Amino acid sequence: MSRSIGIFDSGVGGLSILKSLARKAVNENYIYLADNKNCPYGNKSEIEISKLSIKNCEKLIKLNCKMIIVACNTATTNSINILRKQFDVPIIGIEPGIKPAINYTKTKNIGVLATNKTLSSKLFNENLLTNNMNKINVHEQIGHDLVELIENGIENEEKLNEYINKYLKNMIENKIDCLVLGCTHYNFIENNIKHILGPNIKIIDTVSPVVNHVINKLSELNIQNTSRKFGSTIIYYNGNKPNKKYLNTNYKIIFDDF
Ligand code: DGL
C-alpha cells in the first residue's frame, strides 16, 4: 500500500483538516493520531508540547508516513522548528490566520481566539504579529475550557454558548470585523460562534490554505498516491475513545498507547 499522510493533534480538532483534505485528495491514505491522553496541549509548557509533538512524529514515521501535518495551532506555534530540524519528511503546520485578517479588516480591529500557549508562543508574537503589524489592534482571547467541552462531544450547548459569549464580548465591543479561529477544535463550534458574532463579522480559519498547501507540496515533491482507488483512514487514539459525532463511519479506529 502506498505511504500515508500522517496527521496529529491533541484530540479531535485536527479532524477538521483531515476531513477537508480527504475530500480533495480522495486517493491518499491517512493516519491520524489523536493524542487525547495528553489533551489539552494549550495549558502545557513549550518543552512539554515539543516533547509530545516529537513523540507523535516518531510514531507517524514508524508507521512509514511520507508527510506530517501538525493539525494543531498550539503544537505548530510551539514546536514546528524543532520538528523540522529533527525529522526528514516534509512537515506542514497550521497557524492562526493573522495575515488574511489584516488584509481583510476595515475597522482595523481583529479578534483572535486561541489557546493560552498559542497566544504566548514566540512564533505567534514575533513572526505573525510583529511582521504583520500595521496599526491594527489585535484583540486576543484564550478559549478557556472550550477544547475540553468539544472533546466531550458538547453535551452542554448552553454552557458552550455562555463561554463563547463571554470570550467574544470585548472583541465585539471593540468593533472587530473579523475573528481568527486559532485552534483546530474551534472549527467544530463555528456555527455557535457565527451565531454570536452576527452576520457582519467574518470568521477566518486556515484549514483551506493548509489543505491547498498540502496538495501543492505533494505534487511539487512528486509523492502523490497515483492509485485510482479511494484511500483509507486510520485513527489512533491513546486516551478515551474519541466522541463518535466527529468520526466518519469509514474510519478504522484503533487504540494504541503511543
Ligand atoms: N487543536 C489544538 C489547537 O489547534 C488544541 C490545543 C489543545 O489541545 O489545547 O491548538
# chains A, B, ... in the order shown; residues from 1 in each chain; ligands from 1
>>> select_by_dssp(residues="stretch 77-215 of chain A", states="strand (DSSP E or B)", output="list in words")
Ile91, Ile92, Gly93, Asn109, Ile110, Gly111, Val112, Leu113, Ala114, Asn137, Val138, His139, Glu140, Gln141, Ile142, Cys178, Leu179, Val180, Leu181, Gly182, Lys202, Ile203 and Ile204 of chain A
>>> closest_atom_pairs(of="chain A", to="ligand 1", cutoff="7 Å", atoms="only C-alpha atoms and all ligand atoms", output="tab-separated table")
residue	atom	partner	partner_atom_place_in_ligand_line	distance
A:Asp9	CA	ligand 1	1 (N)	5.8
A:Ser10	CA	ligand 1	8 (O)	4.7
A:Gly11	CA	ligand 1	8 (O)	6.7
A:Gly13	CA	ligand 1	1 (N)	4.4
A:Gly14	CA	ligand 1	1 (N)	6.0
A:Cys39	CA	ligand 1	8 (O)	4.9
A:Pro40	CA	ligand 1	8 (O)	3.3
A:Tyr41	CA	ligand 1	8 (O)	3.7
A:Gly42	CA	ligand 1	9 (O)	3.4
A:Asn43	CA	ligand 1	9 (O)	6.5
A:Ala71	CA	ligand 1	4 (O)	6.6
A:Cys72	CA	ligand 1	4 (O)	3.5
A:Asn73	CA	ligand 1	4 (O)	3.8
A:Thr74	CA	ligand 1	10 (O)	3.9
A:Ala75	CA	ligand 1	10 (O)	6.6
A:Ala114	CA	ligand 1	10 (O)	6.7
A:Thr115	CA	ligand 1	9 (O)	5.8
A:Thr118	CA	ligand 1	10 (O)	6.7
A:Val147	CA	ligand 1	9 (O)	6.0
A:Gly182	CA	ligand 1	4 (O)	6.3
A:Cys183	CA	ligand 1	4 (O)	3.3
A:Thr184	CA	ligand 1	4 (O)	4.0
A:His185	CA	ligand 1	1 (N)	4.7
>>> closest_atom_pairs(of="stretch 134-178 of chain A", to="stretch 194-203 of chain A", cutoff="7 Å", atoms="only C-alpha atoms", output="Markdown table")
| residue | atom | partner | partner_atom | distance |
| --- | --- | --- | --- | --- |
| A:Asn165 | CA | A:Ile196 | CA | 6.7 |
| A:Asp177 | CA | A:Ile201 | CA | 4.5 |
| A:Cys178 | CA | A:Lys202 | CA | 4.4 |
>>> residues_around(residues="A:Phe255", least_positions_apart="6", cutoff="8 Å", atoms="only C-alpha atoms", output="ChimeraX atom specification")
/A:236-239,241
>>> write_last_selection(atoms="all heavy atoms", output="mmCIF file, in the first residue's frame")
data_model
loop_
_atom_site.group_PDB
_atom_site.id
_atom_site.type_symbol
_atom_site.label_atom_id
_atom_site.label_comp_id
_atom_site.auth_asym_id
_atom_site.auth_seq_id
_atom_site.Cartn_x
_atom_site.Cartn_y
_atom_site.Cartn_z
ATOM 1 N N TYR A 236 -5.681 6.612 15.266
ATOM 2 C CA TYR A 236 -5.149 6.061 16.507
ATOM 3 C C TYR A 236 -5.447 7.033 17.642
ATOM 4 O O TYR A 236 -5.252 8.241 17.476
ATOM 5 C CB TYR A 236 -3.635 5.890 16.438
ATOM 6 C CG TYR A 236 -3.168 4.785 15.521
ATOM 7 C CD1 TYR A 236 -2.815 5.057 14.203
ATOM 8 C CD2 TYR A 236 -3.064 3.478 15.985
ATOM 9 C CE1 TYR A 236 -2.369 4.044 13.357
ATOM 10 C CE2 TYR A 236 -2.620 2.458 15.150
ATOM 11 C CZ TYR A 236 -2.277 2.754 13.841
ATOM 12 O OH TYR A 236 -1.845 1.749 13.017
ATOM 13 N N TYR A 237 -5.895 6.514 18.768
ATOM 14 C CA TYR A 237 -6.086 7.367 19.941
ATOM 15 C C TYR A 237 -5.463 6.666 21.135
ATOM 16 O O TYR A 237 -5.286 5.437 21.134
ATOM 17 C CB TYR A 237 -7.576 7.658 20.182
ATOM 18 C CG TYR A 237 -8.384 6.445 20.584
ATOM 19 C CD1 TYR A 237 -8.706 6.193 21.927
ATOM 20 C CD2 TYR A 237 -8.824 5.535 19.635
ATOM 21 C CE1 TYR A 237 -9.444 5.078 22.304
ATOM 22 C CE2 TYR A 237 -9.547 4.406 20.005
ATOM 23 C CZ TYR A 237 -9.857 4.190 21.330
ATOM 24 O OH TYR A 237 -10.565 3.074 21.696
ATOM 25 N N ASN A 238 -5.117 7.423 22.182
ATOM 26 C CA ASN A 238 -4.428 6.809 23.321
ATOM 27 C C ASN A 238 -5.096 7.130 24.665
ATOM 28 O O ASN A 238 -4.553 6.823 25.713
ATOM 29 C CB ASN A 238 -2.940 7.210 23.333
ATOM 30 C CG ASN A 238 -2.758 8.720 23.358
ATOM 31 O OD1 ASN A 238 -3.723 9.457 23.540
ATOM 32 N ND2 ASN A 238 -1.526 9.183 23.177
ATOM 33 N N GLY A 239 -6.266 7.776 24.602
ATOM 34 C CA GLY A 239 -6.994 8.085 25.838
ATOM 35 C C GLY A 239 -8.397 7.488 25.743
ATOM 36 O O GLY A 239 -8.569 6.331 25.358
ATOM 37 N N LYS A 241 -12.015 6.868 24.013
ATOM 38 C CA LYS A 241 -12.388 6.765 22.596
ATOM 39 C C LYS A 241 -12.964 8.109 22.127
ATOM 40 O O LYS A 241 -13.837 8.677 22.792
ATOM 41 C CB LYS A 241 -13.413 5.650 22.421
ATOM 42 C CG LYS A 241 -13.605 5.312 20.986
ATOM 43 C CD LYS A 241 -14.317 4.001 20.765
ATOM 44 C CE LYS A 241 -14.356 3.794 19.261
ATOM 45 N NZ LYS A 241 -15.185 2.709 18.850
#
>>> select_by_dssp(residues="stretch 73-187 of chain A", states="helix (DSSP H, G or I)", output="ChimeraX atom specification")
/A:73-86,98-104,116-119,122-132,146-151,157-173,184-187
>>> closest_residue(among="A:Ile47, A:Leu15, A:Val89, A:Met67", to="A:Lys244", atoms="only C-alpha atoms")
A:Leu15
>>> residues_around(residues="A:Gly153", least_positions_apart="2", cutoff="10 Å", atoms="only C-alpha atoms", output="list in words")
Val12, Glu148, Leu149, Ile150, Glu151, Glu155, Asn156, Glu157, Phe188, Pro242, Asn243, Lys244, Lys245 and Tyr246 of chain A
>>> write_last_selection(atoms="all heavy atoms", output="compact mmCIF listing (two decimals), in the first residue's frame")
# COMPACT_ATOMS: atom_id res chain seq x y z
N VAL A 12 -9.56 15.61 18.78
CA VAL A 12 -10.36 15.57 17.55
C VAL A 12 -10.22 16.81 16.66
O VAL A 12 -10.66 16.81 15.51
CB VAL A 12 -11.87 15.37 17.87
CG1 VAL A 12 -12.11 14.01 18.52
CG2 VAL A 12 -12.42 16.51 18.73
N GLU A 148 -11.82 21.11 25.96
CA GLU A 148 -12.36 20.01 26.76
C GLU A 148 -13.84 19.77 26.45
O GLU A 148 -14.28 18.62 26.30
CB GLU A 148 -12.20 20.30 28.27
CG GLU A 148 -10.77 20.31 28.77
CD GLU A 148 -10.10 21.68 28.67
OE1 GLU A 148 -10.44 22.46 27.75
OE2 GLU A 148 -9.23 21.97 29.50
N LEU A 149 -14.60 20.85 26.34
CA LEU A 149 -16.04 20.72 26.03
C LEU A 149 -16.23 20.03 24.68
O LEU A 149 -17.11 19.18 24.52
CB LEU A 149 -16.69 22.11 25.95
CG LEU A 149 -17.29 22.69 27.21
CD1 LEU A 149 -17.85 24.08 26.92
CD2 LEU A 149 -18.42 21.80 27.71
N ILE A 150 -15.42 20.42 23.72
CA ILE A 150 -15.54 19.86 22.36
C ILE A 150 -15.14 18.38 22.37
O ILE A 150 -15.83 17.53 21.80
CB ILE A 150 -14.70 20.68 21.36
CG1 ILE A 150 -15.28 22.09 21.25
CG2 ILE A 150 -14.63 20.01 19.99
CD1 ILE A 150 -14.35 23.14 20.66
N GLU A 151 -14.04 18.06 23.06
CA GLU A 151 -13.61 16.66 23.16
C GLU A 151 -14.73 15.79 23.74
O GLU A 151 -14.92 14.66 23.33
CB GLU A 151 -12.38 16.54 24.07
CG GLU A 151 -11.08 16.94 23.43
CD GLU A 151 -10.62 16.00 22.32
OE1 GLU A 151 -10.64 14.78 22.51
OE2 GLU A 151 -10.23 16.50 21.25
N GLU A 155 -21.84 18.18 25.37
CA GLU A 155 -23.10 17.71 25.96
C GLU A 155 -23.94 18.89 26.43
O GLU A 155 -25.17 18.81 26.44
CB GLU A 155 -22.79 16.79 27.15
CG GLU A 155 -22.37 15.41 26.68
CD GLU A 155 -21.63 14.64 27.75
OE1 GLU A 155 -21.46 15.16 28.87
OE2 GLU A 155 -21.21 13.51 27.44
N ASN A 156 -23.27 19.97 26.80
CA ASN A 156 -24.00 21.11 27.34
C ASN A 156 -23.80 22.34 26.45
O ASN A 156 -22.86 23.11 26.61
CB ASN A 156 -23.48 21.38 28.77
CG ASN A 156 -24.31 22.41 29.48
OD1 ASN A 156 -25.05 23.17 28.85
ND2 ASN A 156 -24.18 22.47 30.80
N GLU A 157 -24.71 22.49 25.48
CA GLU A 157 -24.54 23.55 24.49
C GLU A 157 -24.77 24.94 25.11
O GLU A 157 -24.19 25.92 24.67
CB GLU A 157 -25.50 23.32 23.31
CG GLU A 157 -25.09 24.12 22.11
CD GLU A 157 -25.45 23.48 20.79
OE1 GLU A 157 -25.92 22.33 20.78
OE2 GLU A 157 -25.27 24.15 19.76
N PHE A 188 -15.25 23.03 15.00
CA PHE A 188 -16.46 22.27 15.30
C PHE A 188 -17.54 23.09 16.02
O PHE A 188 -18.64 22.61 16.21
CB PHE A 188 -16.12 21.02 16.13
CG PHE A 188 -15.35 19.99 15.34
CD1 PHE A 188 -14.06 19.65 15.67
CD2 PHE A 188 -15.93 19.38 14.23
CE1 PHE A 188 -13.34 18.72 14.93
CE2 PHE A 188 -15.23 18.44 13.48
CZ PHE A 188 -13.94 18.11 13.84
N PRO A 242 -12.47 8.64 21.01
CA PRO A 242 -13.00 9.93 20.54
C PRO A 242 -14.51 9.88 20.33
O PRO A 242 -15.05 8.85 19.92
CB PRO A 242 -12.27 10.15 19.21
CG PRO A 242 -11.06 9.29 19.27
CD PRO A 242 -11.41 8.12 20.14
N ASN A 243 -15.18 10.99 20.64
CA ASN A 243 -16.63 11.04 20.52
C ASN A 243 -17.05 10.77 19.07
O ASN A 243 -16.48 11.35 18.14
CB ASN A 243 -17.11 12.44 20.94
CG ASN A 243 -18.59 12.46 21.15
OD1 ASN A 243 -19.35 12.34 20.18
ND2 ASN A 243 -19.02 12.58 22.39
N LYS A 244 -18.04 9.90 18.93
CA LYS A 244 -18.36 9.44 17.57
C LYS A 244 -18.97 10.52 16.66
O LYS A 244 -18.99 10.38 15.45
CB LYS A 244 -19.22 8.17 17.58
CG LYS A 244 -20.59 8.28 18.20
CD LYS A 244 -21.31 6.94 17.97
CE LYS A 244 -22.75 6.96 18.41
NZ LYS A 244 -23.00 7.25 19.82
N LYS A 245 -19.42 11.62 17.28
CA LYS A 245 -20.00 12.66 16.42
C LYS A 245 -18.96 13.27 15.48
O LYS A 245 -19.30 13.90 14.49
CB LYS A 245 -20.72 13.73 17.25
CG LYS A 245 -19.83 14.73 17.95
CD LYS A 245 -20.61 15.57 18.92
CE LYS A 245 -21.27 16.77 18.26
NZ LYS A 245 -21.88 17.64 19.26
N TYR A 246 -17.66 13.08 15.78
CA TYR A 246 -16.63 13.66 14.92
C TYR A 246 -16.05 12.64 13.93
O TYR A 246 -15.21 12.99 13.11
CB TYR A 246 -15.47 14.19 15.78
CG TYR A 246 -15.93 15.19 16.83
CD1 TYR A 246 -15.85 14.89 18.19
CD2 TYR A 246 -16.43 16.42 16.46
CE1 TYR A 246 -16.27 15.80 19.16
CE2 TYR A 246 -16.87 17.33 17.42
CZ TYR A 246 -16.79 17.01 18.75
OH TYR A 246 -17.21 17.91 19.70
>>> closest_residue(among="A:Ser53, A:Asn174, A:Asn29, A:Gln141", to="A:Ile80", atoms="only C-alpha atoms")
A:Ser53
>>> closest_residue(among="A:Lys122, A:Lys51, A:Arg228, A:Arg84", to="A:Ile68", atoms="only C-alpha atoms")
A:Arg84
>>> atom_distance(atom1="atom CA of A:Leu179", atom2="atom CA of A:Lys217")
27.9 Å
>>> closest_residue(among="A:Asn103, A:Asn161, A:Thr77, A:Thr206", to="A:Ser20", atoms="only C-alpha atoms")
A:Thr206
>>> residues_around(residues="A:Lys252", least_positions_apart="3", cutoff="8 Å", atoms="only C-alpha atoms", output="number ranges by chain")
A: 233-235
>>> write_last_selection(atoms="C-alpha atoms", output="short mmCIF file (atom, residue, chain, number, x, y, z; two decimals), in the first residue's frame")
data_model
loop_
_atom_site.label_atom_id
_atom_site.label_comp_id
_atom_site.auth_asym_id
_atom_site.auth_seq_id
_atom_site.Cartn_x
_atom_site.Cartn_y
_atom_site.Cartn_z
CA THR A 233 -8.10 6.44 7.01
CA ILE A 234 -6.87 5.03 10.30
CA ILE A 235 -7.36 6.94 13.55
#
>>> closest_residue(among="A:Leu113, A:Ile17, A:Ala34, A:Cys65", to="A:Val210", atoms="only C-alpha atoms")
A:Ile17
>>> residues_around(residues="A:Gln86", least_positions_apart="2", cutoff="12 Å", atoms="only C-alpha atoms", output="MDAnalysis selection string")
chainID A and resid 50:51 53:55 57:58 61 79:84 88:91
>>> residues_around(residues="A:Ser232", least_positions_apart="3", cutoff="9 Å", atoms="only C-alpha atoms", output="PDB file with N, CA and C atoms, in the first residue's frame")
ATOM      1  N   SER A   4       1.288   6.647   3.728  1.00  0.00           N
ATOM      2  CA  SER A   4       0.187   7.524   4.175  1.00  0.00           C
ATOM      3  C   SER A   4       0.673   8.937   4.478  1.00  0.00           C
ATOM      4  N   VAL A  26      -8.727  12.332  -2.555  1.00  0.00           N
ATOM      5  CA  VAL A  26      -9.516  11.154  -2.153  1.00  0.00           C
ATOM      6  C   VAL A  26      -8.737   9.845  -2.209  1.00  0.00           C
ATOM      7  N   ASN A  27      -7.713   9.810  -3.042  1.00  0.00           N
ATOM      8  CA  ASN A  27      -6.990   8.534  -3.188  1.00  0.00           C
ATOM      9  C   ASN A  27      -5.804   8.402  -2.227  1.00  0.00           C
ATOM     10  N   GLU A  28      -5.560   9.402  -1.396  1.00  0.00           N
ATOM     11  CA  GLU A  28      -4.475   9.294  -0.415  1.00  0.00           C
ATOM     12  C   GLU A  28      -4.912   8.433   0.776  1.00  0.00           C
ATOM     13  N   ASN A  29      -3.938   7.788   1.419  1.00  0.00           N
ATOM     14  CA  ASN A  29      -4.185   7.091   2.686  1.00  0.00           C
ATOM     15  C   ASN A  29      -3.780   8.027   3.830  1.00  0.00           C
ATOM     16  N   TYR A  30      -4.537   7.959   4.922  1.00  0.00           N
ATOM     17  CA  TYR A  30      -4.291   8.868   6.040  1.00  0.00           C
ATOM     18  C   TYR A  30      -4.141   8.099   7.355  1.00  0.00           C
ATOM     19  N   ILE A  31      -3.195   8.556   8.151  1.00  0.00           N
ATOM     20  CA  ILE A  31      -3.087   8.054   9.529  1.00  0.00           C
ATOM     21  C   ILE A  31      -3.187   9.267  10.448  1.00  0.00           C
ATOM     22  N   ASN A 250     -16.380   5.410   7.823  1.00  0.00           N
ATOM     23  CA  ASN A 250     -15.372   4.593   7.116  1.00  0.00           C
ATOM     24  C   ASN A 250     -13.988   4.618   7.798  1.00  0.00           C
ATOM     25  N   TYR A 251     -13.855   5.341   8.920  1.00  0.00           N
ATOM     26  CA  TYR A 251     -12.564   5.367   9.599  1.00  0.00           C
ATOM     27  C   TYR A 251     -12.346   4.048  10.346  1.00  0.00           C
ATOM     28  N   LYS A 252     -11.087   3.597  10.327  1.00  0.00           N
ATOM     29  CA  LYS A 252     -10.724   2.458  11.172  1.00  0.00           C
ATOM     30  C   LYS A 252     -10.170   3.067  12.464  1.00  0.00           C
TER      31      LYS A 252
END
>>> atom_distance(atom1="atom CA of A:Tyr167", atom2="atom CA of A:Lys19")
27.3 Å
>>> decode(residues="stretch 45-65 of chain A", atoms="N, CA, C and O atoms", output="CSV table (one decimal), in the first residue's frame")
chain,number,residue,atom,x,y,z
A,45,SER,N,3.6,23.4,29.1
A,45,SER,CA,4.8,24.3,28.8
A,45,SER,C,5.3,24.0,27.3
A,45,SER,O,5.0,23.0,26.7
A,46,GLU,N,6.1,24.9,26.8
A,46,GLU,CA,6.6,24.8,25.5
A,46,GLU,C,7.4,23.5,25.4
A,46,GLU,O,7.3,22.8,24.4
A,47,ILE,N,8.2,23.2,26.4
A,47,ILE,CA,9.0,22.0,26.4
A,47,ILE,C,8.1,20.7,26.3
A,47,ILE,O,8.3,19.8,25.6
A,48,GLU,N,7.1,20.7,27.1
A,48,GLU,CA,6.2,19.6,27.2
A,48,GLU,C,5.5,19.4,25.8
A,48,GLU,O,5.4,18.3,25.3
A,49,ILE,N,5.1,20.5,25.2
A,49,ILE,CA,4.4,20.5,23.9
A,49,ILE,C,5.4,19.9,22.8
A,49,ILE,O,5.0,19.1,22.0
A,50,SER,N,6.6,20.4,22.9
A,50,SER,CA,7.6,19.9,21.9
A,50,SER,C,7.8,18.4,22.1
A,50,SER,O,7.9,17.7,21.1
A,51,LYS,N,8.0,18.0,23.4
A,51,LYS,CA,8.2,16.5,23.6
A,51,LYS,C,7.0,15.7,23.0
A,51,LYS,O,7.2,14.6,22.4
A,52,LEU,N,5.8,16.1,23.3
A,52,LEU,CA,4.6,15.4,22.8
A,52,LEU,C,4.6,15.4,21.3
A,52,LEU,O,4.3,14.4,20.6
A,53,SER,N,5.0,16.5,20.7
A,53,SER,CA,5.0,16.6,19.2
A,53,SER,C,6.0,15.7,18.6
A,53,SER,O,5.8,15.0,17.6
A,54,ILE,N,7.2,15.7,19.2
A,54,ILE,CA,8.3,14.8,18.8
A,54,ILE,C,7.8,13.3,18.9
A,54,ILE,O,8.0,12.5,17.9
A,55,LYS,N,7.2,13.0,20.0
A,55,LYS,CA,6.7,11.6,20.2
A,55,LYS,C,5.7,11.2,19.1
A,55,LYS,O,5.7,10.2,18.5
A,56,ASN,N,4.8,12.2,18.8
A,56,ASN,CA,3.8,11.9,17.7
A,56,ASN,C,4.4,11.7,16.4
A,56,ASN,O,4.1,10.8,15.6
A,57,CYS,N,5.4,12.6,16.1
A,57,CYS,CA,6.1,12.4,14.8
A,57,CYS,C,6.9,11.1,14.7
A,57,CYS,O,6.8,10.5,13.7
A,58,GLU,N,7.5,10.7,15.8
A,58,GLU,CA,8.2,9.4,15.8
A,58,GLU,C,7.3,8.3,15.5
A,58,GLU,O,7.6,7.4,14.7
A,59,LYS,N,6.1,8.3,16.1
A,59,LYS,CA,5.1,7.3,15.8
A,59,LYS,C,4.7,7.3,14.3
A,59,LYS,O,4.6,6.2,13.7
A,60,LEU,N,4.4,8.5,13.8
A,60,LEU,CA,4.0,8.6,12.4
A,60,LEU,C,5.1,8.1,11.4
A,60,LEU,O,4.8,7.5,10.4
A,61,ILE,N,6.4,8.4,11.8
A,61,ILE,CA,7.5,8.0,11.0
A,61,ILE,C,7.6,6.4,11.0
A,61,ILE,O,7.8,5.8,10.0
A,62,LYS,N,7.4,5.9,12.2
A,62,LYS,CA,7.4,4.4,12.4
A,62,LYS,C,6.4,3.8,11.5
A,62,LYS,O,6.5,2.7,11.0
A,63,LEU,N,5.3,4.5,11.4
A,63,LEU,CA,4.2,4.0,10.5
A,63,LEU,C,4.4,4.3,9.1
A,63,LEU,O,3.5,4.1,8.2
A,64,ASN,N,5.6,4.8,8.7
A,64,ASN,CA,6.0,5.0,7.4
A,64,ASN,C,5.3,6.1,6.6
A,64,ASN,O,5.1,6.0,5.4
A,65,CYS,N,4.9,7.2,7.4
A,65,CYS,CA,4.2,8.3,6.7
A,65,CYS,C,5.2,9.1,5.8
A,65,CYS,O,6.4,9.2,6.2
